[in-house]
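Undergrad: See target.cif below, with mmCIF, C-alpha atoms and all ligand atoms.
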```
data_work
loop_
_atom_site.label_atom_id
_atom_site.label_comp_id
_atom_site.auth_asym_id
_atom_site.auth_seq_id
_atom_site.Cartn_x
_atom_site.Cartn_y
_atom_site.Cartn_z
CA MET A 2 60.41 291.36 46.21
CA THR A 3 60.93 288.37 48.48
CA ARG A 4 59.42 288.62 51.93
CA VAL A 5 61.93 288.67 54.75
CA LYS A 6 61.28 287.52 58.31
CA SER A 7 61.67 290.62 60.44
CA LEU A 8 63.03 290.70 63.98
CA GLN A 9 60.46 291.23 66.71
CA ALA A 10 60.77 293.80 69.48
CA GLY A 11 62.96 292.36 72.24
CA ALA A 12 65.44 290.89 69.75
CA VAL A 13 69.13 291.62 70.38
CA ILE A 14 71.23 293.54 67.86
CA GLY A 15 74.97 293.06 68.24
CA ILE A 16 77.18 295.96 67.23
CA VAL A 17 80.90 295.41 66.78
CA GLY A 18 82.65 298.61 67.80
CA GLY A 19 81.52 301.00 70.51
CA GLY A 20 82.33 304.44 69.12
CA GLN A 21 79.94 307.22 68.18
CA LEU A 22 78.56 305.31 65.20
CA GLY A 23 77.72 302.35 67.44
CA ARG A 24 76.13 304.72 69.91
CA MET A 25 73.94 306.42 67.30
CA LEU A 26 72.97 303.03 65.86
CA ALA A 27 71.95 301.86 69.34
CA LEU A 28 69.90 305.02 69.91
CA ALA A 29 68.07 304.33 66.63
CA ALA A 30 67.37 300.71 67.63
CA PHE A 31 65.73 301.45 71.00
CA PRO A 32 62.49 303.06 69.74
CA LEU A 33 61.81 299.82 67.82
CA GLY A 34 62.02 297.80 71.03
CA TYR A 35 65.35 296.15 70.24
CA LYS A 36 68.11 295.50 72.76
CA VAL A 37 71.68 296.27 71.82
CA ARG A 38 74.87 294.44 72.80
CA ILE A 39 78.19 296.10 72.02
CA PHE A 40 81.45 294.24 71.36
CA GLU A 41 84.25 296.68 72.11
CA PRO A 42 87.66 296.21 73.76
CA GLU A 43 87.55 299.62 75.49
CA SER A 44 85.54 299.75 78.70
CA HIS A 45 84.50 303.42 78.57
CA CYS A 46 83.30 303.82 75.02
CA PRO A 47 80.52 306.08 73.68
CA ALA A 48 78.15 303.17 72.95
CA SER A 49 78.59 301.49 76.34
CA LEU A 50 77.07 304.60 77.94
CA VAL A 51 73.71 303.96 76.29
CA THR A 52 73.29 300.18 76.68
CA PRO A 53 73.91 297.91 79.68
CA PHE A 54 75.03 295.03 77.43
CA HIS A 55 78.72 295.29 76.65
CA THR A 56 81.10 292.46 75.79
CA CYS A 57 84.40 294.07 76.71
CA ALA A 58 86.97 291.81 75.05
CA ASN A 59 89.65 291.78 72.37
CA TYR A 60 89.11 290.80 68.75
CA GLU A 61 91.50 287.88 69.29
CA ASP A 62 89.28 286.42 72.04
CA ASP A 63 87.47 283.69 70.08
CA LYS A 64 85.44 282.52 73.08
CA ALA A 65 84.10 286.04 73.69
CA LEU A 66 83.35 286.52 69.98
CA ILE A 67 81.39 283.25 69.82
CA GLU A 68 79.44 284.01 73.01
CA PHE A 69 78.68 287.49 71.72
CA ALA A 70 77.48 286.16 68.34
CA LYS A 71 75.30 283.50 69.97
CA SER A 72 73.65 286.04 72.24
CA CYS A 73 72.54 288.22 69.29
CA ASP A 74 69.73 287.81 66.75
CA VAL A 75 71.68 289.82 64.20
CA VAL A 76 75.13 291.41 64.25
CA THR A 77 76.44 294.50 62.50
CA PHE A 78 79.55 296.67 62.80
CA GLU A 79 80.35 300.34 63.04
CA PHE A 80 83.81 300.32 61.51
CA GLU A 81 85.56 298.46 58.73
CA ASN A 82 88.85 297.64 60.39
CA ILE A 83 87.63 294.66 62.40
CA PRO A 84 90.07 291.76 61.90
CA LEU A 85 88.61 289.56 59.15
CA GLY A 86 89.08 286.46 61.29
CA ALA A 87 86.86 287.95 64.00
CA ALA A 88 84.17 288.87 61.46
CA ALA A 89 84.27 285.39 59.92
CA LEU A 90 83.92 283.78 63.36
CA ILE A 91 80.92 285.96 64.19
CA GLU A 92 79.40 285.12 60.81
CA LYS A 93 79.68 281.41 61.62
CA HIS A 94 77.50 281.81 64.69
CA ALA A 95 75.18 284.68 63.79
CA GLN A 96 73.66 286.55 60.88
CA LEU A 97 76.17 289.31 60.05
CA PHE A 98 75.02 292.35 58.03
CA PRO A 99 76.81 293.66 56.02
CA SER A 100 78.69 290.44 55.28
CA SER A 101 82.39 289.83 55.88
CA LYS A 102 82.80 290.02 52.08
CA ALA A 103 82.03 293.77 52.23
CA LEU A 104 84.73 294.12 54.89
CA GLU A 105 87.23 292.10 52.90
CA LEU A 106 86.79 294.31 49.83
CA THR A 107 87.05 297.61 51.70
CA GLN A 108 89.81 296.97 54.26
CA ASP A 109 92.59 297.04 51.70
CA ARG A 110 92.70 300.13 49.49
CA LEU A 111 94.26 298.25 46.58
CA VAL A 112 91.66 295.46 46.64
CA GLU A 113 88.93 298.11 46.99
CA LYS A 114 90.13 300.13 43.99
CA GLU A 115 90.40 297.01 41.83
CA PHE A 116 86.87 296.02 42.86
CA ILE A 117 85.50 299.50 42.04
CA ARG A 118 87.22 299.48 38.67
CA SER A 119 85.91 295.98 37.91
CA LEU A 120 82.40 297.45 38.20
CA GLY A 121 83.21 299.95 35.44
CA LEU A 122 83.40 302.88 37.89
CA LYS A 123 86.04 305.57 37.81
CA VAL A 124 88.81 305.94 40.43
CA ALA A 125 91.87 308.21 40.42
CA PRO A 126 94.82 306.73 38.47
CA TYR A 127 96.87 304.66 40.95
CA ARG A 128 99.72 302.21 41.31
CA SER A 129 100.48 299.64 43.94
CA VAL A 130 103.67 300.37 45.92
CA HIS A 131 105.67 297.87 48.03
CA ASN A 132 109.00 299.65 48.38
CA PHE A 133 110.72 302.97 47.81
CA GLU A 134 111.80 302.09 44.27
CA GLU A 135 108.22 301.29 43.35
CA LEU A 136 107.11 304.62 44.82
CA ASN A 137 109.55 306.49 42.60
CA TYR A 138 108.38 304.49 39.61
CA ALA A 139 104.72 305.21 40.48
CA ILE A 140 105.44 308.95 40.72
CA SER A 141 107.13 308.86 37.32
CA LYS A 142 104.07 307.12 35.82
CA ILE A 143 101.14 308.79 37.64
CA GLY A 144 102.57 312.28 37.83
CA PRO A 145 104.34 314.31 40.51
CA LYS A 146 101.22 315.36 42.46
CA GLY A 147 99.55 312.60 44.37
CA ILE A 148 98.73 310.95 47.66
CA LEU A 149 100.50 307.96 49.08
CA LYS A 150 98.03 305.91 51.11
CA ALA A 151 98.85 302.87 53.25
CA ARG A 152 96.70 300.00 52.03
CA MET A 153 95.45 298.94 55.46
CA LEU A 154 94.02 300.66 58.54
CA GLY A 155 93.77 304.18 57.16
CA TYR A 156 90.92 306.51 58.06
CA ASP A 157 90.35 310.26 58.45
CA GLY A 158 93.51 310.98 56.47
CA LYS A 159 95.65 308.75 58.71
CA GLY A 160 98.33 306.67 56.99
CA GLN A 161 98.50 309.16 54.12
CA ALA A 162 101.13 311.51 52.80
CA LEU A 163 100.80 314.23 50.20
CA VAL A 164 103.43 314.12 47.46
CA ASN A 165 104.30 317.19 45.44
CA GLY A 166 107.11 316.01 43.22
CA GLN A 167 109.77 313.30 43.31
CA GLY A 168 111.58 315.25 46.06
CA ASP A 169 108.79 314.36 48.54
CA ALA A 170 109.07 310.62 47.94
CA ALA A 171 111.45 309.81 50.80
CA SER A 172 109.54 311.76 53.46
CA ALA A 173 106.19 310.38 52.25
CA TRP A 174 107.51 306.83 52.36
CA GLN A 175 108.70 307.46 55.91
CA GLU A 176 105.44 309.11 56.89
CA ILE A 177 103.43 305.99 56.08
CA ALA A 178 106.06 303.85 57.87
CA ALA A 179 107.17 302.04 54.69
CA LYS A 180 103.96 299.99 54.55
CA PRO A 181 102.39 298.46 51.41
CA ALA A 182 100.54 301.34 49.82
CA VAL A 183 98.89 302.83 46.77
CA PHE A 184 100.08 306.01 45.14
CA GLU A 185 97.18 307.82 43.55
CA ALA A 186 96.91 310.97 41.47
CA LEU A 187 95.62 314.10 43.15
CA VAL A 188 92.12 314.62 41.79
CA GLU A 189 91.21 318.17 40.82
CA PHE A 190 87.69 318.08 42.12
CA GLU A 191 85.07 320.81 42.27
CA PHE A 192 83.83 319.42 45.56
CA GLU A 193 83.30 316.22 47.49
CA THR A 194 80.05 314.41 48.11
CA SER A 195 78.95 311.02 49.33
CA ALA A 196 76.23 308.76 48.04
CA ILE A 197 74.59 307.11 51.03
CA ILE A 198 72.38 304.15 50.29
CA ALA A 199 70.48 301.64 52.41
CA ARG A 200 69.77 298.20 50.94
CA GLY A 201 67.40 295.74 52.57
CA GLN A 202 67.54 291.96 52.73
CA ASN A 203 64.94 291.82 49.96
CA GLY A 204 66.93 294.16 47.67
CA GLN A 205 64.83 297.26 48.44
CA VAL A 206 67.00 300.40 48.31
CA LEU A 207 66.75 303.86 49.82
CA HIS A 208 68.95 306.72 48.60
CA PHE A 209 69.72 309.60 50.95
CA PRO A 210 70.09 313.12 49.54
CA ASN A 211 73.68 314.05 48.72
CA SER A 212 75.61 316.44 50.92
CA GLN A 213 78.58 318.57 49.95
CA ASN A 214 81.46 317.57 52.22
CA PHE A 215 84.33 319.76 53.38
CA HIS A 216 87.52 318.14 54.67
CA LYS A 217 90.56 319.59 56.35
CA GLY A 218 93.68 317.52 56.83
CA GLY A 219 91.73 314.46 55.65
CA ILE A 220 89.04 314.88 58.36
CA LEU A 221 85.44 315.77 57.59
CA ARG A 222 84.65 319.21 59.02
CA LYS A 223 81.28 320.06 57.54
CA SER A 224 78.49 318.69 55.35
CA ILE A 225 75.85 320.86 53.73
CA VAL A 226 72.60 319.88 52.09
CA PRO A 227 71.55 320.11 49.35
CA ALA A 228 74.80 319.56 47.48
CA PRO A 229 75.16 321.89 44.48
CA MET A 230 74.72 319.09 41.96
CA SER A 231 72.81 318.86 38.71
CA GLU A 232 69.99 316.35 38.35
CA GLN A 233 72.31 314.31 36.14
CA GLN A 234 75.03 314.25 38.81
CA PHE A 235 72.52 313.15 41.48
CA ILE A 236 71.43 310.30 39.26
CA GLU A 237 75.03 309.34 38.50
CA ALA A 238 75.84 309.30 42.25
CA GLN A 239 72.82 307.10 42.98
CA ASN A 240 73.68 304.74 40.13
CA ILE A 241 77.23 304.35 41.47
CA ALA A 242 76.01 303.54 44.98
CA HIS A 243 73.43 301.14 43.58
CA THR A 244 76.00 299.35 41.41
CA VAL A 245 78.30 298.80 44.40
CA ALA A 246 75.48 297.73 46.75
CA GLU A 247 74.09 295.24 44.21
CA ALA A 248 77.52 293.78 43.45
CA LEU A 249 78.00 293.07 47.16
CA LYS A 250 74.38 291.99 47.76
CA TYR A 251 74.84 294.50 50.53
CA VAL A 252 72.52 294.72 53.53
CA GLY A 253 72.56 297.90 55.60
CA VAL A 254 73.75 301.45 55.00
CA MET A 255 76.81 302.14 52.89
CA ALA A 256 78.48 305.36 51.78
CA VAL A 257 80.42 305.87 48.58
CA GLU A 258 82.73 308.89 48.87
CA LEU A 259 82.87 310.76 45.59
CA PHE A 260 84.86 313.54 43.96
CA VAL A 261 82.76 315.72 41.67
CA THR A 262 84.96 316.71 38.73
CA LYS A 263 84.33 318.52 35.46
CA SER A 264 84.43 315.18 33.66
CA GLY A 265 82.13 313.25 36.00
CA LEU A 266 82.18 311.51 39.35
CA VAL A 267 85.27 309.72 40.64
CA VAL A 268 85.00 307.22 43.49
CA ASN A 269 87.35 307.87 46.39
CA GLU A 270 86.35 305.01 48.67
CA ILE A 271 83.54 302.86 49.99
CA ALA A 272 82.55 302.90 53.66
CA PRO A 273 80.61 299.71 54.48
CA ARG A 274 78.77 301.39 57.35
CA VAL A 275 76.89 304.48 58.41
CA HIS A 276 78.95 307.54 57.58
CA ASN A 277 79.96 310.82 59.20
CA SER A 278 78.66 312.76 56.19
CA GLY A 279 75.19 311.34 56.95
CA HIS A 280 74.90 312.44 60.59
CA TRP A 281 72.67 315.32 59.57
CA THR A 282 69.99 312.76 58.57
CA ILE A 283 69.08 312.30 62.28
CA GLU A 284 67.12 315.56 62.22
CA GLY A 285 67.30 316.23 58.48
CA CYS A 286 65.48 313.22 57.05
CA LYS A 287 62.25 311.47 57.98
CA THR A 288 64.27 308.29 58.47
CA SER A 289 67.91 308.74 59.50
CA GLN A 290 70.81 306.72 58.12
CA PHE A 291 71.04 305.03 61.55
CA ALA A 292 67.36 304.05 61.60
CA ALA A 293 67.57 302.85 57.97
CA HIS A 294 70.53 300.63 58.85
CA ILE A 295 68.66 299.10 61.78
CA HIS A 296 65.58 298.61 59.57
CA ALA A 297 67.69 296.89 56.89
CA ILE A 298 69.50 294.45 59.17
CA CYS A 299 66.30 293.62 61.07
CA GLY A 300 64.29 292.94 57.93
CA LEU A 301 61.99 295.98 58.24
CA SER A 302 60.84 298.31 55.51
CA LEU A 303 63.61 300.89 55.02
CA GLY A 304 61.69 304.12 55.64
CA ASP A 305 61.65 307.50 53.98
CA ALA A 306 64.73 309.62 53.27
CA SER A 307 62.81 312.80 52.35
CA LEU A 308 64.22 316.02 53.74
CA CYS A 309 62.77 317.76 56.81
CA ALA A 310 64.22 321.18 55.95
CA ASN A 311 65.26 323.15 52.87
CA ALA A 312 68.88 323.62 53.93
CA ILE A 313 70.89 321.67 56.46
CA GLU A 314 74.39 322.01 57.80
CA MET A 315 76.35 319.56 59.95
CA ASP A 316 79.56 320.56 61.72
CA ASN A 317 81.85 318.12 63.43
CA LEU A 318 83.09 319.20 66.84
CA LEU A 319 86.74 318.22 66.99
CA GLY A 320 88.91 318.30 70.11
CA ASP A 321 88.12 321.16 72.46
CA GLU A 322 85.42 322.57 70.12
CA ILE A 323 83.19 320.29 72.17
CA LEU A 324 83.55 322.66 75.14
CA ASN A 325 81.26 325.22 73.40
CA ALA A 326 78.63 322.75 72.31
CA HIS A 327 76.02 323.73 74.88
CA GLU A 328 76.39 327.44 74.06
CA LEU A 329 75.60 326.71 70.40
CA LEU A 330 72.15 325.60 71.51
CA ALA A 331 71.12 329.26 71.87
CA GLU A 332 70.55 329.30 68.09
CA PRO A 333 67.15 328.16 66.79
CA ASN A 334 66.85 324.80 65.01
CA ILE A 335 70.21 323.50 66.13
CA TYR A 336 70.75 320.02 67.50
CA ALA A 337 73.82 318.86 69.41
CA HIS A 338 75.19 315.33 69.65
CA ILE A 339 77.91 314.84 72.19
CA TYR A 340 79.49 311.42 72.05
CA GLY A 341 80.56 311.10 75.69
CA LYS A 342 84.27 310.53 75.04
CA GLU A 343 86.23 311.04 78.24
CA GLU A 344 89.47 312.29 76.76
CA VAL A 345 89.52 315.43 74.64
CA ARG A 346 92.30 315.09 72.05
CA ARG A 347 93.26 317.44 69.23
CA GLY A 348 91.39 316.48 66.04
CA ARG A 349 89.34 313.78 67.83
CA LYS A 350 85.67 313.59 66.81
CA MET A 351 83.92 314.52 70.05
CA GLY A 352 80.47 315.41 68.74
CA HIS A 353 78.58 317.21 66.00
CA VAL A 354 75.86 319.81 65.58
CA THR A 355 73.18 319.93 62.92
CA ARG A 356 71.43 323.12 61.87
CA LEU A 357 68.13 323.05 60.03
CA LYS A 358 68.60 326.39 58.34
CA ASN A 359 65.27 327.15 56.68
CA GLU A 360 61.77 326.38 57.83
CA PRO A 361 61.62 322.70 58.76
CA LEU A 362 59.32 320.79 56.39
CA CYS A 363 58.37 317.99 58.78
P1 LIG A 401 90.41 309.21 52.41
O1 LIG A 401 91.01 308.78 53.70
O2 LIG A 401 90.87 308.43 51.24
O3 LIG A 401 88.90 309.29 52.50
O4 LIG A 401 90.89 310.72 52.17
C1 LIG A 401 90.52 311.76 53.04
C2 LIG A 401 90.38 313.05 52.24
O5 LIG A 401 91.62 313.38 51.58
C3 LIG A 401 89.36 313.00 51.12
O6 LIG A 401 88.06 313.20 51.59
C4 LIG A 401 89.86 314.15 50.24
O7 LIG A 401 89.53 315.39 50.80
C5 LIG A 401 91.37 313.97 50.32
N1 LIG A 401 91.81 313.07 49.24
C6 LIG A 401 91.98 311.74 49.33
N2 LIG A 401 92.40 311.22 48.15
C7 LIG A 401 92.49 312.25 47.28
C8 LIG A 401 92.84 312.36 45.90
N3 LIG A 401 93.24 311.31 45.18
N4 LIG A 401 92.81 313.59 45.33
C9 LIG A 401 92.43 314.67 46.05
N5 LIG A 401 92.09 314.63 47.36
C10 LIG A 401 92.10 313.44 47.97
#
```
Is it possible to express this structure as structure tokens?
TA:
Amino acid sequence: MTRVKSLQAGAVIGIVGGGQLGRMLALAAFPLGYKVRIFEPESHCPASLVTPFHTCANYEDDKALIEFAKSCDVVTFEFENIPLGAAALIEKHAQLFPSSKALELTQDRLVEKEFIRSLGLKVAPYRSVHNFEELNYAISKIGPKGILKARMLGYDGKGQALVNGQGDAASAWQEIAAKPAVFEALVEFEFETSAIIARGQNGQVLHFPNSQNFHKGGILRKSIVPAPMSEQQFIEAQNIAHTVAEALKYVGVMAVELFVTKSGLVVNEIAPRVHNSGHWTIEGCKTSQFAAHIHAICGLSLGDASLCANAIEMDNLLGDEILNAHELLAEPNIYAHIYGKEEVRRGRKMGHVTRLKNEPLC
């Protein structure tokens, strides 16, 4: 493996996006002596509460983007919907990990699916849809049960509409505001999992244990570890993540969301960042997904993803569920993470709790 020059303590890590993922990345960077600068248009964001360095500007502000990039030794991002122009500008003036190529391939669901398929991996049958007629045609070809997903800017089930027969086409088309979309078949899965992988600048990889993920209304509610998968399924999940990471020459942590079906694993989507279904790794693994990402982008050895407990459960705290978070601490082996968002909104990710359910191993 080629040797990589690692960043010394005191170096500045730039994080584009100041939400909870940026905050948890920053918290993982501090023990290594790094400073963190956030680029985030909102002034009161979760990450700005943990670091004094915050470039509060819009993604269209080229001058601010250039100054931000020049003030950082390495830049990363916490979400994939950064305008590509902004990412390219940062990449011109700083080392950006993962690269803007990973963003380009994951921002548009159609491009993403074609990329996944080009790697020989399985996705749900789909068709590209630009207008209502094409949606009707797609339903007639794919089958009556499916999901219409806007190609751009969708997350946590947003920009999606469930279709249960041709009769739903008009309302679904309206629901996604008549935007370019993909119509994909509803996958009959046994359960959902995600393959989380870290890849270093020298090609070293670290696989995190798989969790079983439970969604409601498109939003992750709970992850449990270990996932009820056979050895063969674990290996298949790791191979899929490895194939994608290698194809992108990816640096950092990436999650591949998977449907486990009777006939094998089907890729739902790729998240080119740390992932909600990996939050349990903070207490549940010797090296968390956040620490592994910081290690990867700073040229350090990736760490150790071995488990610290026999059974782990992570619950998202959505909306006003956050109000009970401190009471949950009465249980043994429970850890709360409250993101510091000022406004409590229905369905908004406000925090999470992780339970180490059996005897901790480390
Ligand atoms: P996404 O925004 O694509 O990650 O979708 C959010 C959630 O919706 C997934 O985690 C699944 O629970 C569900 N979902 C998305 N696409 C499909 C599909 N083709 N078949 C069944 N469930 C799906």
Undergrad: Please identify all polymer residues lying at most 10 Å from the point (67.4, 292.4, 49.5) (file coordinates), using all atoms listed in the file, and present the result as a short mmCIF file (atom, residue, chain, number, x, y, z; two decimals) with C-alpha atoms, keeping the file's coordinate frame.
TA:
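As a result, result-v4.cif now contains:
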```cif
data_model
loop_
_atom_site.label_atom_id
_atom_site.label_comp_id
_atom_site.auth_asym_id
_atom_site.auth_seq_id
_atom_site.Cartn_x
_atom_site.Cartn_y
_atom_site.Cartn_z
CA MET A 2 60.41 291.36 46.21
CA THR A 3 60.93 288.37 48.48
CA ARG A 4 59.42 288.62 51.93
CA VAL A 5 61.93 288.67 54.75
CA ARG A 200 69.77 298.20 50.94
CA GLY A 201 67.40 295.74 52.57
CA GLN A 202 67.54 291.96 52.73
CA ASN A 203 64.94 291.82 49.96
CA GLY A 204 66.93 294.16 47.67
CA GLN A 205 64.83 297.26 48.44
CA VAL A 206 67.00 300.40 48.31
CA GLU A 247 74.09 295.24 44.21
CA LYS A 250 74.38 291.99 47.76
CA TYR A 251 74.84 294.50 50.53
CA VAL A 252 72.52 294.72 53.53
CA GLY A 253 72.56 297.90 55.60
CA ALA A 297 67.69 296.89 56.89
CA GLY A 300 64.29 292.94 57.93
#
```
Undergrad: For each of A:Lys159, A:Lys123, A:His276, A:Arg24, take the minimum atom-to-atom distance to Ser264 of chain A, counting all atoms listed in the file, then give the residue where this is smallest.
TA: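 Checking each of A:Lys159, A:Lys123, A:His276, A:Arg24 against Ser264 of chain A, counting all atoms listed in the file, the winner is A:Lys123.
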Undergrad: Ligand LIG 401 (chain A): which residues are within 8 Å, counting only C-alpha atoms and all ligand atoms, as a short mmCIF file (atom, residue, chain, number, x, y, z; two decimals) with C-alpha atoms, keeping the file's coordinate frame?
TA:
```
data_model
loop_
_atom_site.label_atom_id
_atom_site.label_comp_id
_atom_site.auth_asym_id
_atom_site.auth_seq_id
_atom_site.Cartn_x
_atom_site.Cartn_y
_atom_site.Cartn_z
CA ALA A 125 91.87 308.21 40.42
CA GLY A 147 99.55 312.60 44.37
CA ILE A 148 98.73 310.95 47.66
CA LYS A 150 98.03 305.91 51.11
CA GLY A 155 93.77 304.18 57.16
CA TYR A 156 90.92 306.51 58.06
CA ASP A 157 90.35 310.26 58.45
CA GLY A 158 93.51 310.98 56.47
CA LYS A 159 95.65 308.75 58.71
CA GLN A 161 98.50 309.16 54.12
CA GLU A 185 97.18 307.82 43.55
CA ALA A 186 96.91 310.97 41.47
CA LEU A 187 95.62 314.10 43.15
CA VAL A 188 92.12 314.62 41.79
CA GLU A 189 91.21 318.17 40.82
CA PHE A 190 87.69 318.08 42.12
CA GLU A 193 83.30 316.22 47.49
CA ASN A 214 81.46 317.57 52.22
CA PHE A 215 84.33 319.76 53.38
CA HIS A 216 87.52 318.14 54.67
CA LYS A 217 90.56 319.59 56.35
CA GLY A 218 93.68 317.52 56.83
CA GLY A 219 91.73 314.46 55.65
CA ILE A 220 89.04 314.88 58.36
CA LEU A 221 85.44 315.77 57.59
CA GLU A 258 82.73 308.89 48.87
CA PHE A 260 84.86 313.54 43.96
CA ASN A 269 87.35 307.87 46.39
CA GLU A 270 86.35 305.01 48.67
#
```
Undergrad: For Val17 of chain A, find every residue with an atom within 9 Å (counting all atoms listed in the file), except residues of its own chain fewer than 2 positions away, and show them as a count of residues only.
TA: 13
Undergrad: Between atom CA of Val130 of chain A and atom CA of Met255 of chain A, what is the distance, to one decimal in Å?
TA: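 Taking atom CA of Val130 of chain A as the start and atom CA of Met255 of chain A as the end point, the length is 27.8 Å.
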Undergrad: From the list A:Ala272, A:Cys363, A:Ala12, A:Ile198, which residue is nearest Glu113 of chain A when using only C-alpha atoms?
TA: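 Closest residue, counting only C-alpha atoms: A:Ala272.
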Undergrad: List as a ChimeraX atom specification the residues having at least one atom at most 12 Å from position (104.8, 298.1, 46.5) as given in the file, counting all atoms listed in the file.
TA: /A:111,127-139,149-152,174,179-184
Undergrad: Calculated over only C-alpha atoms, which of the candidates A:Ile225, A:Leu330, A:Ile143, A:Cys46 has the smallest distance to Gly20 of chain A?
TA: A:Cys46
Undergrad: Rounded to one decimal in Å, what is the spacing between atom CA of Ala293 of chain A and atom CA of Met351 of chain A?
TA: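 Value for the atom CA of Ala293 of chain A-atom CA of Met351 of chain A distance: 23.4 Å.
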Undergrad: Taking into account only C-alpha atoms, which residue in the set A:Leu362, A:Val268, A:Arg274, A:Gly166 is nearest to Asn311 of chain A?
TA: A:Leu362
Undergrad: Could you tell me how far atom CA of Asp62 of chain A lies from atom CA of Ile91 of chain A, in Å and to one decimal?
TA: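 Computing it gives 11.5 Å between the two atoms.
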Undergrad: Taking all atoms listed in the file into account, which of A:Lys93, A:Ile298, A:Ile241, A:Leu104 comes nearest Tyr35 of chain A?
TA: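 Result for the nearest residue to Tyr35 of chain A: A:Ile298.
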Undergrad: Pick the closest to Val164 of chain A from A:Ile177, A:Ser278, A:His327, A:Lys114: which is it, counting all atoms listed in the file?
TA: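 When distances to Val164 of chain A are compared using all atoms listed in the file, the smallest one comes from A:Ile177.
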